[in-house]
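The next block is structure_38.pdb, given as PDB, C-alpha atoms.
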ATOM      1  CA  MET A  29     137.228 121.053  82.167  1.00  0.00           C
ATOM      2  CA  ASN A  30     135.965 122.661  85.384  1.00  0.00           C
ATOM      3  CA  LYS A  31     138.852 124.669  86.897  1.00  0.00           C
ATOM      4  CA  VAL A  32     138.664 127.939  88.830  1.00  0.00           C
ATOM      5  CA  ILE A  33     141.523 130.181  89.970  1.00  0.00           C
ATOM      6  CA  LEU A  34     140.672 133.110  92.262  1.00  0.00           C
ATOM      7  CA  MET A  35     142.590 135.660  94.275  1.00  0.00           C
ATOM      8  CA  GLY A  36     140.796 137.797  96.803  1.00  0.00           C
ATOM      9  CA  ARG A  37     140.215 138.672 100.426  1.00  0.00           C
ATOM     10  CA  LEU A  38     137.973 136.926 102.936  1.00  0.00           C
ATOM     11  CA  THR A  39     134.928 139.030 103.758  1.00  0.00           C
ATOM     12  CA  ARG A  40     134.658 137.420 107.221  1.00  0.00           C
ATOM     13  CA  ASP A  41     136.221 134.613 109.254  1.00  0.00           C
ATOM     14  CA  PRO A  42     135.490 131.138 107.834  1.00  0.00           C
ATOM     15  CA  GLU A  43     132.449 129.302 109.195  1.00  0.00           C
ATOM     16  CA  VAL A  44     133.600 125.775 110.095  1.00  0.00           C
ATOM     17  CA  ARG A  45     131.499 122.738 110.965  1.00  0.00           C
ATOM     18  CA  TYR A  46     132.404 119.095 111.438  1.00  0.00           C
ATOM     19  CA  THR A  47     130.561 116.064 110.100  1.00  0.00           C
ATOM     20  CA  GLN A  48     129.057 113.603 112.585  1.00  0.00           C
ATOM     21  CA  GLY A  49     130.337 110.104 113.212  1.00  0.00           C
ATOM     22  CA  ASP A  50     133.643 108.374 113.858  1.00  0.00           C
ATOM     23  CA  ASN A  51     135.597 110.010 111.031  1.00  0.00           C
ATOM     24  CA  GLN A  52     134.772 113.670 111.527  1.00  0.00           C
ATOM     25  CA  MET A  53     135.641 115.949 108.621  1.00  0.00           C
ATOM     26  CA  ALA A  54     135.969 119.752 108.663  1.00  0.00           C
ATOM     27  CA  ILE A  55     133.800 121.738 106.265  1.00  0.00           C
ATOM     28  CA  ALA A  56     134.811 125.406 106.021  1.00  0.00           C
ATOM     29  CA  ARG A  57     132.732 128.001 104.189  1.00  0.00           C
ATOM     30  CA  TYR A  58     133.953 131.478 103.356  1.00  0.00           C
ATOM     31  CA  THR A  59     133.356 134.247 100.858  1.00  0.00           C
ATOM     32  CA  LEU A  60     136.105 135.873  98.798  1.00  0.00           C
ATOM     33  CA  ALA A  61     135.840 139.445  97.540  1.00  0.00           C
ATOM     34  CA  VAL A  62     137.509 139.253  94.126  1.00  0.00           C
ATOM     35  CA  ASP A  63     138.186 142.545  92.330  1.00  0.00           C
ATOM     36  CA  ARG A  64     137.041 142.722  88.728  1.00  0.00           C
ATOM     37  CA  ARG A  65     139.782 143.466  86.249  1.00  0.00           C
ATOM     38  CA  PHE A  66     137.798 145.950  84.179  1.00  0.00           C
ATOM     39  CA  ASN A  67     135.054 148.327  85.213  1.00  0.00           C
ATOM     40  CA  ARG A  68     132.611 149.595  82.590  1.00  0.00           C
ATOM     41  CA  SER A  69     130.772 152.164  84.682  1.00  0.00           C
ATOM     42  CA  GLY A  70     133.857 154.019  85.955  1.00  0.00           C
ATOM     43  CA  ASP A  71     133.010 153.348  89.616  1.00  0.00           C
ATOM     44  CA  GLU A  72     135.881 153.044  92.085  1.00  0.00           C
ATOM     45  CA  ASN A  73     136.158 149.292  92.668  1.00  0.00           C
ATOM     46  CA  THR A  74     133.840 146.521  91.701  1.00  0.00           C
ATOM     47  CA  ALA A  75     134.145 143.089  93.246  1.00  0.00           C
ATOM     48  CA  ASP A  76     132.430 139.760  92.966  1.00  0.00           C
ATOM     49  CA  PHE A  77     131.704 137.891  96.166  1.00  0.00           C
ATOM     50  CA  ILE A  78     132.422 134.210  95.574  1.00  0.00           C
ATOM     51  CA  SER A  79     131.246 131.475  97.965  1.00  0.00           C
ATOM     52  CA  CYS A  80     133.913 128.847  98.661  1.00  0.00           C
ATOM     53  CA  VAL A  81     133.780 125.557 100.548  1.00  0.00           C
ATOM     54  CA  ALA A  82     136.830 123.576 101.730  1.00  0.00           C
ATOM     55  CA  PHE A  83     136.677 119.990 103.000  1.00  0.00           C
ATOM     56  CA  GLY A  84     138.956 117.904 105.225  1.00  0.00           C
ATOM     57  CA  LYS A  85     142.528 119.158 105.691  1.00  0.00           C
ATOM     58  CA  SER A  86     141.772 122.254 103.605  1.00  0.00           C
ATOM     59  CA  GLY A  87     138.854 123.031 105.936  1.00  0.00           C
ATOM     60  CA  GLU A  88     141.087 122.595 108.990  1.00  0.00           C
ATOM     61  CA  PHE A  89     143.698 124.902 107.417  1.00  0.00           C
ATOM     62  CA  ALA A  90     141.010 127.546 106.818  1.00  0.00           C
ATOM     63  CA  GLU A  91     139.831 127.257 110.434  1.00  0.00           C
ATOM     64  CA  ARG A  92     143.360 127.679 111.833  1.00  0.00           C
ATOM     65  CA  TYR A  93     144.910 130.318 109.623  1.00  0.00           C
ATOM     66  CA  LEU A  94     142.366 132.264 107.561  1.00  0.00           C
ATOM     67  CA  ARG A  95     140.745 135.407 108.941  1.00  0.00           C
ATOM     68  CA  LYS A  96     138.681 138.301 107.642  1.00  0.00           C
ATOM     69  CA  GLY A  97     140.769 140.428 105.256  1.00  0.00           C
ATOM     70  CA  THR A  98     143.347 137.699 104.517  1.00  0.00           C
ATOM     71  CA  LYS A  99     144.364 137.713 100.859  1.00  0.00           C
ATOM     72  CA  ILE A 100     144.481 134.184  99.447  1.00  0.00           C
ATOM     73  CA  ALA A 101     144.729 132.390  96.125  1.00  0.00           C
ATOM     74  CA  VAL A 102     142.292 129.519  95.614  1.00  0.00           C
ATOM     75  CA  THR A 103     142.089 126.835  92.953  1.00  0.00           C
ATOM     76  CA  GLY A 104     139.123 124.540  92.705  1.00  0.00           C
ATOM     77  CA  ARG A 105     136.021 123.712  90.719  1.00  0.00           C
ATOM     78  CA  ILE A 106     132.559 125.220  90.412  1.00  0.00           C
ATOM     79  CA  GLN A 107     129.737 123.139  91.826  1.00  0.00           C
ATOM     80  CA  THR A 108     126.072 123.987  91.407  1.00  0.00           C
ATOM     81  CA  GLY A 109     123.149 122.602  93.320  1.00  0.00           C
ATOM     82  CA  SER A 110     119.644 123.285  94.516  1.00  0.00           C
ATOM     83  CA  TYR A 111     117.376 122.656  97.466  1.00  0.00           C
ATOM     84  CA  THR A 112     113.844 123.516  98.531  1.00  0.00           C
ATOM     85  CA  ASN A 113     113.706 125.889 101.496  1.00  0.00           C
ATOM     86  CA  LYS A 114     111.166 125.741 104.336  1.00  0.00           C
ATOM     87  CA  ASP A 115     108.775 127.980 102.358  1.00  0.00           C
ATOM     88  CA  GLY A 116     108.742 125.500  99.470  1.00  0.00           C
ATOM     89  CA  VAL A 117     110.827 127.725  97.185  1.00  0.00           C
ATOM     90  CA  LYS A 118     113.586 126.110  95.120  1.00  0.00           C
ATOM     91  CA  VAL A 119     116.946 127.785  95.817  1.00  0.00           C
ATOM     92  CA  TYR A 120     119.876 127.417  93.405  1.00  0.00           C
ATOM     93  CA  THR A 121     123.455 127.488  94.709  1.00  0.00           C
ATOM     94  CA  THR A 122     126.897 127.986  93.162  1.00  0.00           C
ATOM     95  CA  ASP A 123     130.075 127.347  95.167  1.00  0.00           C
ATOM     96  CA  VAL A 124     133.762 126.928  94.455  1.00  0.00           C
ATOM     97  CA  VAL A 125     134.920 123.626  95.948  1.00  0.00           C
ATOM     98  CA  VAL A 126     138.462 124.390  97.124  1.00  0.00           C
ATOM     99  CA  GLU A 127     141.180 122.019  95.951  1.00  0.00           C
ATOM    100  CA  ASP A 128     144.092 124.246  96.996  1.00  0.00           C
ATOM    101  CA  GLN A 129     144.381 127.491  98.938  1.00  0.00           C
ATOM    102  CA  GLU A 130     147.442 129.532  99.835  1.00  0.00           C
ATOM    103  CA  PHE A 131     148.392 132.906 101.208  1.00  0.00           C
ATOM    104  CA  ALA A 132     148.782 135.624  98.555  1.00  0.00           C
ATOM    105  CA  GLU A 133     150.694 138.106 100.724  1.00  0.00           C
ATOM    106  CA  SER A 134     152.885 138.075 103.794  1.00  0.00           C
ATOM    107  CA  LYS A 135     151.325 138.001 107.245  1.00  0.00           C
ATOM    108  CA  ASN A 136     152.632 141.478 108.079  1.00  0.00           C
ATOM    109  CA  SER A 137     151.224 143.130 104.941  1.00  0.00           C
ATOM    110  CA  ASN A 138     148.713 145.870 105.443  1.00  0.00           C
ATOM    111  CA  GLY A 139     146.722 144.743 102.430  1.00  0.00           C
ATOM    112  CA  ASN A 140     145.176 146.604  99.567  1.00  0.00           C
ATOM    113  CA  SER A 141     143.936 149.959 100.810  1.00  0.00           C
ATOM    114  CA  SER A 142     141.166 150.130  98.202  1.00  0.00           C
ATOM    115  CA  PHE A 143     139.811 146.824  99.476  1.00  0.00           C
ATOM    116  CA  GLU A 144     139.997 147.970 103.069  1.00  0.00           C
ATOM    117  CA  GLY A 145     138.197 151.203 102.358  1.00  0.00           C
ATOM    118  CA  ASN A 146     135.391 149.605 100.379  1.00  0.00           C
ATOM    119  CA  TYR A 147     134.866 146.255 102.079  1.00  0.00           C
ATOM    120  CA  GLY A 148     135.591 146.816 105.775  1.00  0.00           C
ATOM    121  CA  GLY A 149     139.215 145.568 105.901  1.00  0.00           C
ATOM    122  CA  GLY A 150     141.738 147.330 108.104  1.00  0.00           C
ATOM    123  CA  ASN A 151     143.251 150.775 108.410  1.00  0.00           C
ATOM    124  CA  SER A 152     143.815 152.252 104.937  1.00  0.00           C
ATOM    125  CA  SER A 153     145.947 155.131 106.279  1.00  0.00           C
ATOM    126  CA  GLN A 154     148.949 152.823 106.723  1.00  0.00           C
ATOM    127  CA  PRO A 155     151.602 152.639 103.966  1.00  0.00           C
ATOM    128  CA  ALA A 156     151.400 150.060 101.200  1.00  0.00           C
ATOM    129  CA  PRO A 157     153.049 146.680 101.867  1.00  0.00           C
ATOM    130  CA  MET A 158     156.619 146.146 100.744  1.00  0.00           C
ATOM    131  CA  ALA A 159     157.537 143.067  98.731  1.00  0.00           C
ATOM    132  CA  ALA A 160     159.762 140.505 100.386  1.00  0.00           C
ATOM    133  CA  GLY A 161     163.348 140.931  99.198  1.00  0.00           C
ATOM    134  CA  ASP A 162     164.053 137.212  98.822  1.00  0.00           C
ATOM    135  CA  GLY A 163     160.860 136.403  96.885  1.00  0.00           C
ATOM    136  CA  PHE A 164     159.583 133.952  99.513  1.00  0.00           C
ATOM    137  CA  MET A 165     156.345 134.259 101.461  1.00  0.00           C
ATOM    138  CA  ASN A 166     156.500 134.581 105.251  1.00  0.00           C
ATOM    139  CA  ILE A 167     155.228 131.499 107.083  1.00  0.00           C
ATOM    140  CA  PRO A 168     152.525 132.324 109.660  1.00  0.00           C
ATOM    141  CA  ASP A 169     153.296 131.964 113.356  1.00  0.00           C
ATOM    142  CA  GLY A 170     152.187 128.763 115.052  1.00  0.00           C
ATOM    143  CA  ILE A 171     152.912 126.215 112.349  1.00  0.00           C
ATOM    144  CA  ASP A 172     156.444 125.295 113.393  1.00  0.00           C
ATOM    145  CA  GLU A 173     155.330 121.770 114.282  1.00  0.00           C
ATOM    146  CA  GLU A 174     153.649 121.009 110.929  1.00  0.00           C
ATOM    147  CA  LEU A 175     153.658 122.588 107.502  1.00  0.00           C
ATOM    148  CA  PRO A 176     150.280 123.263 105.809  1.00  0.00           C
ATOM    149  CA  PHE A 177     150.895 121.117 102.721  1.00  0.00           C
ATOM    150  CA  ASN A 178     148.588 118.437 101.367  1.00  0.00           C
TER     151      ASN A 178
END
Rewrite the structure from the file as structure tokens, please.
Amino acid sequence: MNKVILMGRLTRDPEVRYTQGDNQMAIARYTLAVDRRFNRSGDENTADFISCVAFGKSGEFAERYLRKGTKIAVTGRIQTGSYTNKDGVKVYTTDVVVEDQEFAESKNSNGNSSFEGNYGGGNSSQPAPMAAGDGFMNIPDGIDEELPFN
């Protein structure tokens, strides 16, 4: 079984391209900074930077709503590949092909201050985010006309 579940923050805005032809399809690429659970060396925070690619409606969702620093949960599968670059060197790739992606915190959250301090997020001097009292996630502005479900 090839199943991946990640939670992390985007290191930059997604890079989105569209396929050519009559039935254009969005292809969004982004990198998630995912904190490691345990740290052997005692350093502050250690993260892995995971390349993700989302196709079709998921790619369009990423283009519209995901931005640098956004905390999301992703499920998908690992896909490996290779190509020969212009210098004739074989390059190996590993990506997570996104099957589902969703927000992991409310829009108005300030985020994890340790992430912001170490990876270029926002202003870490602001107070920590408060949990929503009703247990539901806030829906981002601008999606009143359609909900982002597959």
Selection: 10 Å around range 95-108 of chain A, all atoms listed in the file, excl. self and same-chain fewer than 2 positions, as a PyMOL selection string
chain A and resi 29-42+58-62+79-82+90-93+110+120-135+137-140+143-144+147-150
At what distance in Å, to one decimal, does CA of Gly84 in chain A lie from CA of Ile55 in chain A?
6.5 Å
Coordinates-based distance that separates CA of Asp63 in chain A from CA of Ile78 in chain A (Å, one decimal):
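Computed distance, CA of Ile78 in chain A to CA of Asp63 in chain A, equals 10.6 Å.
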Between CA of Ser86 in chain A and CA of Glu43 in chain A, measure the distance and give it in Å to one decimal.
13.0 Å
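By chain and then residue number, the residues within 6 Å of Arg64 in chain A are Phe66, Thr74 and Ala75 of chain A, counting all atoms listed in the file and disregarding those fewer than 2 positions away in sequence.
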For the selection just defined, write its residues with C-alpha atoms to a file, as a PDB file, keeping the file's coordinate frame.
ATOM      1  CA  PHE A  66     137.798 145.950  84.179  1.00  0.00           C
ATOM      2  CA  THR A  74     133.840 146.521  91.701  1.00  0.00           C
ATOM      3  CA  ALA A  75     134.145 143.089  93.246  1.00  0.00           C
TER       4      ALA A  75
END
